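A.B. asks: Quick one: structure below, then a few questions.
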Amino acid sequence: MHDKNLQNSTLLLARLDNMKVSGFAKDWLARLVAMPTQSQLPDQDEVLRDYLSKGIAPLLDEIGFDQKIYANPIKNAPPLLVAHRHENDVLPTILIYGHGDVIHAQYEGWHEGLQPFETVARDGLIYGRGTADNKGQHLINLLALKAVLDVQGRLGFNVKFLLEMGEETGSPGLFGFCQAHKDTLKADVLISSDGPRLDIDTPTVFLGSRGALNFGLSVDLRPQALHSGNWGGLIADPAIRLTQALATLTDARGQLQIVSWRPTSLTPEVRAMIDLLPDADTQESIIDVNWGERDLSPNERVFGWNSFAILAMNSGVPEAPVNAISGSAQATCQLRYVVGTDTDAILPDLRQHLDHLGFEDVIIFQENQVAFKATRQDANNIWVQKVVSSLEKGAGRPVHLLPNLAGSLPNECFTQALGLTTIWIPHSYRQCSQHAPNEHMPERLFFSALTLMAKLFSDLGSENS
Ligand SMILES: [Zn+2]
């Protein structure tokens with residue numbers, strides 16, 4: 001038994017090496033990146049569907065998946081793909097999620113000789129839109145499955161793969177799709193990859209994501225601007241009303257002032273988990289150490305706490321100011337929040353807070369606004385422990401285990417609609433220029449993540465042999 005394991009792991013490493021040396025892995029990445037699946041642009045239906053039917057389909061076939069493309073439950077939103085590789089009813093099932101859409105190309109700003117939809121390897125980095133977010137990441141997981149199957153002929157678990165094409169536009173229809181296809185997507189655990197590692201050479205596991213609620217605030221006093229000489233001092237200034245109101249939401253260092261906007265979930269256990277992570281301040285010289293919640297460490301602020309931001313603000317015509325009191329002022333705001341925040345109370349409590357301070361003229365509005373729920377898996381979950389122990393064995397070092405990603409993901413689709421344990425293993429790093437020109441995947445990260453995932457799948461399957 002022991003000999004067979006050793007033999008399998010030697011064969012697995014050889015197979016992975018072959019995927020690297022033969023160019024098989026990089027060719028697949030190039031092929032996927034070459035499809036300009038920019039979901040944020042209008043009229044992309046054909047290329048978004050092609051990614052499912054022509055882009056990824058042949059690889060799924062090779063792995064032995066049965067696959068089907070489904071219409072999005074929301075009209076005109078992109079289709080979704082569900083693939084299933086069934087080994088045995090008695091085996092556990094792992095669901096893997098990925099998104100095949102990318103943000104728009106941003107043609108301006110790529111280094112000389114680079115193009116968003118053509119992979120170029122330069123100085124150990126593979127450039128191209130989607131190499132990090134998310135084509136490279138779901139490709140790694142699929143290639144890892146393939147390597148295990150090539151060597152062992154079986155996985156030791158059933159696997160389902162869910163691919164959406166609208167993540168960059170807020171995953172339209174994903175929640176409803178998961179609800180409607182609960183049986184099709186039934187699994188024991190979600191293991192998926194998106195976002196960055198904390199440190200390029202250390203595997204990161206995160207157990208959920210922060211939520212995000214975007215909303216607008218406006219003060220709308222009159223249909224047009226009025227001369228500031230004739231009327232200044234006589235009529236209320238909407239920009240002053242709005243900024244005064246905004247100034248009551250945090251103090252001067254951004255500490256939240258509305259009681260229910262402050263989470264109740266930063267328990268000693270969560271703190272202990274966060275304390276093991278590398279210091280954010282030594283890692284990111286960009287951060288302002290005197291900003292945010294005073295009594296928290298930078299990591300606690302970003303992984304264990306809530307933060308408010310004013311994303312955009314407008315009054316008058318900033319490009320060409322005139323001597324007038326403008327008629328209205330608007331701000332787009334966002335609360336990022338962790339579990340332990342009452343989502344349904346965020347806006348009612350804001351209303352109450354504003355009214356209490358005499359800002360009844362400040363209007364809260366929410367149209368087409370982003371709303372991601374916060375999620376966080378229990379670190380003591382058996383699947384979490386199995387995954388972490390395999391990754392630590394594979395990497396030869398402790399992983400960075402985060403209670404949740406600081407950013408947001410459509411993870412509530414899996415935790416709420418499907419009721420799954422969710423484990424995220426990001427294969428990118430913070431300097432990957434995701435959502436910017438020069439997006440890239442370091443070759444060494446790609447292949448070390450591929451090896452880790454292949455070992456993880458092999459470990460998870462060997463328990464059931
Ligand atoms: Zn993205």
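Letters for chains follow the order of the structure tokens (A, B, ...), residue numbers begin at 1 for each chain, and ligand numbers begin at 1 in the order shown.
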Please produce, as a Markdown table, a per-residue contact table for stretch 141-195 of chain A versus stretch 70-87 of chain A (criterion: any atom at most 10 Å away, only C-alpha atoms considered), showing the nearest atom pair and its distance in Å to one decimal, sorted by chain then residue number.

C.D. replies:
```
| residue | atom | partner | partner_atom | distance |
| --- | --- | --- | --- | --- |
| A:Arg154 | CA | A:Glu87 | CA | 7.7 |
| A:Leu155 | CA | A:Glu87 | CA | 7.8 |
| A:Gly156 | CA | A:Glu87 | CA | 7.3 |
| A:Phe157 | CA | A:Glu87 | CA | 6.5 |
| A:Asn158 | CA | A:His86 | CA | 4.8 |
| A:Val159 | CA | A:Arg85 | CA | 5.3 |
| A:Lys160 | CA | A:His84 | CA | 4.4 |
| A:Phe161 | CA | A:Ala83 | CA | 5.0 |
| A:Leu162 | CA | A:Val82 | CA | 4.7 |
| A:Leu163 | CA | A:Leu81 | CA | 5.1 |
| A:Glu164 | CA | A:Leu80 | CA | 4.7 |
| A:Met165 | CA | A:Pro78 | CA | 5.8 |
| A:Gly166 | CA | A:Pro78 | CA | 6.2 |
| A:Glu167 | CA | A:Pro78 | CA | 9.9 |
| A:Thr169 | CA | A:Ala77 | CA | 9.6 |
| A:Ser171 | CA | A:Ala77 | CA | 9.0 |
| A:Pro172 | CA | A:Ala77 | CA | 6.4 |
| A:Gly173 | CA | A:Ile74 | CA | 5.3 |
| A:Leu174 | CA | A:Asn72 | CA | 7.8 |
| A:Phe175 | CA | A:Pro73 | CA | 9.4 |
| A:Gly176 | CA | A:Pro73 | CA | 6.7 |
| A:Phe177 | CA | A:Pro73 | CA | 6.2 |
| A:Ala180 | CA | A:Pro73 | CA | 8.8 |
| A:His181 | CA | A:Val82 | CA | 9.9 |
| A:Thr184 | CA | A:Val82 | CA | 8.2 |
| A:Leu185 | CA | A:Val82 | CA | 7.9 |
```

A.B. asks: So that I can check the surroundings of stretch 253-265 of chain A, please list as number ranges by chain every protein, DNA and RNA residue that reaches within 7 Å of it, counting only C-alpha atoms and ignoring chain neighbours fewer than 5 positions away.

C.D. replies: A: 291-293, 305-306, 338-341, 346

A.B. asks: Next, the residues of the selection above should be written as a short mmCIF file (atom, residue, chain, number, x, y, z; two decimals), in the first residue's frame with C-alpha atoms.

C.D. replies:
```
data_model
loop_
_atom_site.label_atom_id
_atom_site.label_comp_id
_atom_site.auth_asym_id
_atom_site.auth_seq_id
_atom_site.Cartn_x
_atom_site.Cartn_y
_atom_site.Cartn_z
CA TRP A 291 -5.98 54.76 9.37
CA GLY A 292 -8.88 52.55 10.40
CA GLU A 293 -9.96 51.00 13.67
CA TRP A 305 -13.67 44.18 10.44
CA ASN A 306 -15.90 46.43 8.31
CA VAL A 338 -17.71 40.56 7.54
CA VAL A 339 -20.15 38.01 8.96
CA GLY A 340 -21.58 39.24 12.23
CA THR A 341 -23.02 42.33 10.55
CA ILE A 346 -27.27 48.48 7.26
#
```

A.B. asks: Residues of chain A that have any atom at most 8 Å from an atom of ligand 1: could you tabulate them with the shortest-distance atom pair and the distance in Å to one decimal, using only C-alpha atoms and all ligand atoms, ordered by chain and increasing number, as a Markdown table?

C.D. replies:
```
| residue | atom | partner | partner_atom_place_in_ligand_line | distance |
| --- | --- | --- | --- | --- |
| A:Val102 | CA | ligand 1 | 1 (Zn) | 6.5 |
| A:Ile103 | CA | ligand 1 | 1 (Zn) | 6.4 |
| A:Asp133 | CA | ligand 1 | 1 (Zn) | 5.3 |
| A:Asn134 | CA | ligand 1 | 1 (Zn) | 7.0 |
| A:Glu167 | CA | ligand 1 | 1 (Zn) | 7.2 |
| A:Glu168 | CA | ligand 1 | 1 (Zn) | 5.5 |
| A:Gly195 | CA | ligand 1 | 1 (Zn) | 7.9 |
| A:Gln434 | CA | ligand 1 | 1 (Zn) | 6.7 |
| A:His435 | CA | ligand 1 | 1 (Zn) | 6.2 |
```

A.B. asks: Restricted to C-alpha atoms, what would the selected residues look like written as a PDB file, in the first residue's frame?

C.D. replies:
```pdb
ATOM      1  CA  VAL A 102     -12.643  38.726 -17.736  1.00  0.00           C
ATOM      2  CA  ILE A 103     -12.775  42.463 -17.193  1.00  0.00           C
ATOM      3  CA  ASP A 133      -8.495  36.194 -12.892  1.00  0.00           C
ATOM      4  CA  ASN A 134      -9.797  33.551 -13.391  1.00  0.00           C
ATOM      5  CA  GLU A 167     -18.642  37.208 -12.451  1.00  0.00           C
ATOM      6  CA  GLU A 168     -17.155  40.542 -13.459  1.00  0.00           C
ATOM      7  CA  GLY A 195      -8.147  35.928  -5.741  1.00  0.00           C
ATOM      8  CA  GLN A 434      -5.702  41.750 -11.843  1.00  0.00           C
ATOM      9  CA  HIS A 435      -8.249  44.291 -13.166  1.00  0.00           C
TER      10      HIS A 435
END
```

A.B. asks: Give me, as number ranges by chain, all polymer residues having an atom no more than 10 Å from stretch 19-35 of chain A, counting only C-alpha atoms and skipping those fewer than 3 positions away in the same chain.

C.D. replies: A: 13-16, 38, 47-48, 50-51, 54-56, 59, 100-102, 115-121, 126-131, 134-137, 139-140, 143, 147, 443, 446-447, 450

A.B. asks: Which residue gives the smallest distance to A:Cys432 among A:Ala374, A:Leu445, A:Ile191, A:Ile310, with only C-alpha atoms counted?

C.D. replies: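 Among the listed residues, the smallest separation from A:Cys432 belongs to A:Leu445.
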
A.B. asks: Would you compute the distance between atom CA of A:Gly216 and atom CA of A:Ile325? Give it in Å to one decimal.

C.D. replies: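 If I compute the distance from atom CA of A:Gly216 to atom CA of A:Ile325, I get 21.0 Å.
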
A.B. asks: Do a neighbour search on A:Ile240 at 12 Å with only C-alpha atoms, toss out local chain neighbours closer than 4 positions, and write the hits as JSON, numbers by chain.

C.D. replies: {"A": [218, 219, 220, 221, 235, 236, 244, 245, 246, 247, 314, 315, 325, 326, 327, 328, 329, 330, 359, 361, 362]}

A.B. asks: Using only all heavy atoms, please write the residues we just selected to a file, as a tab-separated table (two decimals), in the first residue's frame.

C.D. replies:
```tsv
chain	number	residue	atom	x	y	z
A	218	SER	N	-27.69	61.22	-1.77
A	218	SER	CA	-27.78	62.46	-2.52
A	218	SER	C	-28.56	63.50	-1.74
A	218	SER	O	-29.39	63.18	-0.88
A	218	SER	CB	-28.45	62.22	-3.88
A	218	SER	OG	-29.82	61.99	-3.70
A	219	VAL	N	-28.22	64.75	-2.03
A	219	VAL	CA	-29.00	65.87	-1.52
A	219	VAL	C	-29.44	66.63	-2.77
A	219	VAL	O	-28.61	67.09	-3.55
A	219	VAL	CB	-28.17	66.77	-0.59
A	219	VAL	CG1	-28.99	67.98	-0.16
A	219	VAL	CG2	-27.69	65.98	0.62
A	220	ASP	N	-30.72	66.67	-2.97
A	220	ASP	CA	-31.28	67.19	-4.21
A	220	ASP	C	-32.21	68.33	-3.84
A	220	ASP	O	-33.34	68.11	-3.43
A	220	ASP	CB	-32.09	66.04	-4.85
A	220	ASP	CG	-32.01	66.10	-6.35
A	220	ASP	OD1	-31.65	67.18	-6.86
A	220	ASP	OD2	-32.33	65.08	-6.98
A	221	LEU	N	-31.72	69.57	-3.94
A	221	LEU	CA	-32.50	70.68	-3.39
A	221	LEU	C	-33.27	71.49	-4.43
A	221	LEU	O	-34.32	72.02	-4.14
A	221	LEU	CB	-31.59	71.60	-2.57
A	221	LEU	CG	-30.93	70.94	-1.35
A	221	LEU	CD1	-30.08	71.95	-0.59
A	221	LEU	CD2	-31.96	70.31	-0.42
A	235	ILE	N	-29.48	80.28	0.52
A	235	ILE	CA	-30.03	78.95	0.17
A	235	ILE	C	-29.04	77.87	0.60
A	235	ILE	O	-27.82	78.07	0.57
A	235	ILE	CB	-30.32	78.83	-1.34
A	235	ILE	CG1	-29.03	79.07	-2.17
A	235	ILE	CG2	-31.43	79.79	-1.76
A	235	ILE	CD1	-29.19	78.73	-3.63
A	236	ALA	N	-29.59	76.74	0.99
A	236	ALA	CA	-28.75	75.64	1.48
A	236	ALA	C	-27.87	75.10	0.35
A	236	ALA	O	-28.31	75.02	-0.80
A	236	ALA	CB	-29.63	74.53	2.04
A	244	GLN	N	-21.27	67.13	5.23
A	244	GLN	CA	-21.48	67.12	6.68
A	244	GLN	C	-22.11	65.79	7.12
A	244	GLN	O	-21.75	65.22	8.14
A	244	GLN	CB	-22.39	68.28	7.10
A	244	GLN	CG	-21.77	69.66	6.90
A	244	GLN	CD	-20.79	70.02	8.01
A	244	GLN	OE1	-21.01	69.72	9.17
A	244	GLN	NE2	-19.69	70.67	7.65
A	245	ALA	N	-23.06	65.32	6.33
A	245	ALA	CA	-23.70	64.05	6.67
A	245	ALA	C	-22.70	62.91	6.58
A	245	ALA	O	-22.62	62.06	7.47
A	245	ALA	CB	-24.89	63.80	5.72
A	246	LEU	N	-21.91	62.90	5.50
A	246	LEU	CA	-20.91	61.84	5.33
A	246	LEU	C	-19.91	61.83	6.49
A	246	LEU	O	-19.48	60.78	6.94
A	246	LEU	CB	-20.15	62.04	4.00
A	246	LEU	CG	-20.93	61.67	2.74
A	246	LEU	CD1	-20.22	62.20	1.50
A	246	LEU	CD2	-21.10	60.16	2.63
A	247	ALA	N	-19.59	63.04	6.96
A	247	ALA	CA	-18.58	63.16	8.02
A	247	ALA	C	-19.06	62.56	9.34
A	247	ALA	O	-18.26	62.35	10.24
A	247	ALA	CB	-18.20	64.62	8.21
A	314	ASN	N	-19.86	63.89	-6.31
A	314	ASN	CA	-20.06	64.90	-7.35
A	314	ASN	C	-21.00	66.01	-6.91
A	314	ASN	O	-22.00	65.77	-6.25
A	314	ASN	CB	-20.66	64.20	-8.58
A	314	ASN	CG	-20.48	65.02	-9.82
A	314	ASN	OD1	-20.83	66.19	-9.84
A	314	ASN	ND2	-19.92	64.43	-10.84
A	315	SER	N	-20.63	67.26	-7.25
A	315	SER	CA	-21.54	68.40	-7.12
A	315	SER	C	-21.05	69.46	-8.09
A	315	SER	O	-19.83	69.63	-8.26
A	315	SER	CB	-21.51	68.93	-5.68
A	315	SER	OG	-22.42	70.02	-5.58
A	325	ILE	N	-24.21	78.09	-6.56
A	325	ILE	CA	-24.53	77.04	-5.59
A	325	ILE	C	-25.21	75.94	-6.39
A	325	ILE	O	-26.26	76.20	-6.99
A	325	ILE	CB	-25.53	77.55	-4.51
A	325	ILE	CG1	-25.12	78.91	-3.95
A	325	ILE	CG2	-25.75	76.48	-3.45
A	325	ILE	CD1	-24.01	78.91	-2.97
A	326	SER	N	-24.63	74.78	-6.42
A	326	SER	CA	-25.23	73.73	-7.27
A	326	SER	C	-26.55	73.27	-6.67
A	326	SER	O	-26.83	73.46	-5.49
A	326	SER	CB	-24.26	72.57	-7.47
A	326	SER	OG	-24.04	71.93	-6.25
A	327	GLY	N	-27.38	72.66	-7.53
A	327	GLY	CA	-28.70	72.24	-7.08
A	327	GLY	C	-28.69	70.93	-6.32
A	327	GLY	O	-29.57	70.66	-5.52
A	328	SER	N	-27.66	70.10	-6.58
A	328	SER	CA	-27.65	68.77	-5.96
A	328	SER	C	-26.23	68.28	-5.76
A	328	SER	O	-25.28	68.83	-6.34
A	328	SER	CB	-28.43	67.79	-6.84
A	328	SER	OG	-27.77	67.65	-8.07
A	329	ALA	N	-26.09	67.26	-4.94
A	329	ALA	CA	-24.79	66.62	-4.71
A	329	ALA	C	-25.04	65.14	-4.49
A	329	ALA	O	-26.07	64.75	-3.92
A	329	ALA	CB	-24.11	67.23	-3.48
A	330	GLN	N	-24.13	64.30	-5.00
A	330	GLN	CA	-24.28	62.85	-4.87
A	330	GLN	C	-22.97	62.21	-4.45
A	330	GLN	O	-21.90	62.69	-4.80
A	330	GLN	CB	-24.67	62.17	-6.19
A	330	GLN	CG	-25.91	62.68	-6.90
A	330	GLN	CD	-25.65	63.95	-7.68
A	330	GLN	OE1	-24.53	64.16	-8.17
A	330	GLN	NE2	-26.63	64.83	-7.76
A	359	PHE	N	-30.39	65.14	9.30
A	359	PHE	CA	-30.09	65.07	7.86
A	359	PHE	C	-31.22	64.37	7.10
A	359	PHE	O	-30.98	63.50	6.27
A	359	PHE	CB	-28.75	64.35	7.63
A	359	PHE	CG	-27.55	65.14	8.06
A	359	PHE	CD1	-26.85	64.79	9.21
A	359	PHE	CD2	-27.12	66.23	7.32
A	359	PHE	CE1	-25.74	65.53	9.61
A	359	PHE	CE2	-26.01	66.97	7.72
A	359	PHE	CZ	-25.32	66.63	8.88
A	361	ASP	N	-32.78	65.55	4.78
A	361	ASP	CA	-32.69	65.89	3.35
A	361	ASP	C	-31.71	65.00	2.58
A	361	ASP	O	-31.62	65.07	1.36
A	361	ASP	CB	-32.29	67.37	3.19
A	361	ASP	CG	-31.04	67.74	4.01
A	361	ASP	OD1	-30.69	66.97	4.92
A	361	ASP	OD2	-30.43	68.79	3.73
A	362	VAL	N	-30.97	64.16	3.28
A	362	VAL	CA	-30.05	63.25	2.58
A	362	VAL	C	-30.83	62.00	2.17
A	362	VAL	O	-31.40	61.30	3.01
A	362	VAL	CB	-28.85	62.86	3.46
A	362	VAL	CG1	-27.97	61.85	2.74
A	362	VAL	CG2	-28.05	64.11	3.84
```

A.B. asks: Just the strand (DSSP E or B) stuff from stretch 287-453 of chain A, please, per backbone DSSP, written as a count of residues only.

C.D. replies: 41

A.B. asks: Just list as a ChimeraX atom specification whatever in stretch 123-174 of chain A DSSP marks as alpha helix (DSSP H).

C.D. replies: /A:135-152,174

A.B. asks: Expressed in Å to a single decimal, how great is the separation between atom CA of A:Ile364 and atom CA of A:Arg351?

C.D. replies: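 Separation of atom CA of A:Ile364 and atom CA of A:Arg351: 7.5 Å.
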
A.B. asks: I'd like to know which of A:Gln377, A:Leu12, A:Ala312, A:Ile363 is closest to A:Gln416, using only C-alpha atoms.

C.D. replies: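 Checking each candidate against A:Gln416, we get A:Gln377 as the closest.
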
A.B. asks: Ranking A:Glu108, A:His440, A:Gln40, A:Ile94 by minimum distance to A:Arg122 and counting only C-alpha atoms, which one comes first?

C.D. replies: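 Using only C-alpha atoms, A:Arg122 sits closest to A:His440.
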
A.B. asks: Hey, which of A:Gly170, A:Glu269, A:Leu347, A:Asn323 ends up closest to A:Phe215? Count only C-alpha atoms.

C.D. replies: A:Leu347

A.B. asks: Would you please work out which residue, of A:Val387, A:Asn464, A:Thr332, A:Lys68, is nearest to A:Glu367 when using only C-alpha atoms?

C.D. replies: A:Thr332

A.B. asks: Kindly indicate which residue among A:Asn290, A:Glu62, A:Arg301, A:Gly419 lies nearest to A:Ala252, using only C-alpha atoms for the distances.

C.D. replies: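 Comparing A:Asn290, A:Glu62, A:Arg301, A:Gly419 against A:Ala252, the winner is A:Asn290.
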
A.B. asks: Rounded to one decimal, what separation in Å do you get between atom CA of A:Ile423 and atom CA of A:Asn214?

C.D. replies: 25.8 Å

A.B. asks: Can you tell me, as a compact mmCIF listing (two decimals) with N, CA and C atoms, in the first residue's frame, what residues are no more than 9 Å from A:Met453 when counting only C-alpha atoms, ignoring any on the same chain fewer than 5 positions away?

C.D. replies:
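Output file part_39.txt follows:
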```
# COMPACT_ATOMS: atom_id res chain seq x y z
N ILE A 140 -5.73 25.56 -13.70
CA ILE A 140 -4.85 24.81 -12.78
C ILE A 140 -5.62 23.66 -12.13
N ASN A 141 -6.83 23.95 -11.66
CA ASN A 141 -7.61 22.92 -10.97
C ASN A 141 -8.01 21.79 -11.93
N LEU A 143 -6.38 20.94 -14.75
CA LEU A 143 -5.17 20.19 -15.12
C LEU A 143 -4.73 19.26 -13.98
N ALA A 144 -4.93 19.72 -12.75
CA ALA A 144 -4.57 18.88 -11.60
C ALA A 144 -5.43 17.62 -11.58
N LEU A 145 -6.72 17.78 -11.86
CA LEU A 145 -7.61 16.60 -11.95
C LEU A 145 -7.13 15.67 -13.06
N LEU A 391 -2.24 20.55 1.89
CA LEU A 391 -1.47 21.67 1.33
C LEU A 391 -0.19 21.91 2.13
N GLY A 394 2.24 19.29 1.18
CA GLY A 394 2.74 19.55 -0.17
C GLY A 394 3.71 20.72 -0.22
N SER A 448 3.69 25.51 -9.29
CA SER A 448 3.68 25.01 -7.91
C SER A 448 2.24 24.84 -7.44
N SER A 458 -5.21 14.02 -5.14
CA SER A 458 -4.76 12.65 -4.92
C SER A 458 -4.97 12.24 -3.45
```

A.B. asks: List the neighbours of A:Ser390 out to 8 Å using only C-alpha atoms; skip same-chain residues closer than 6 positions along the sequence, and give me the result as a PyMOL selection string.

C.D. replies: chain A and resi 455-456+459
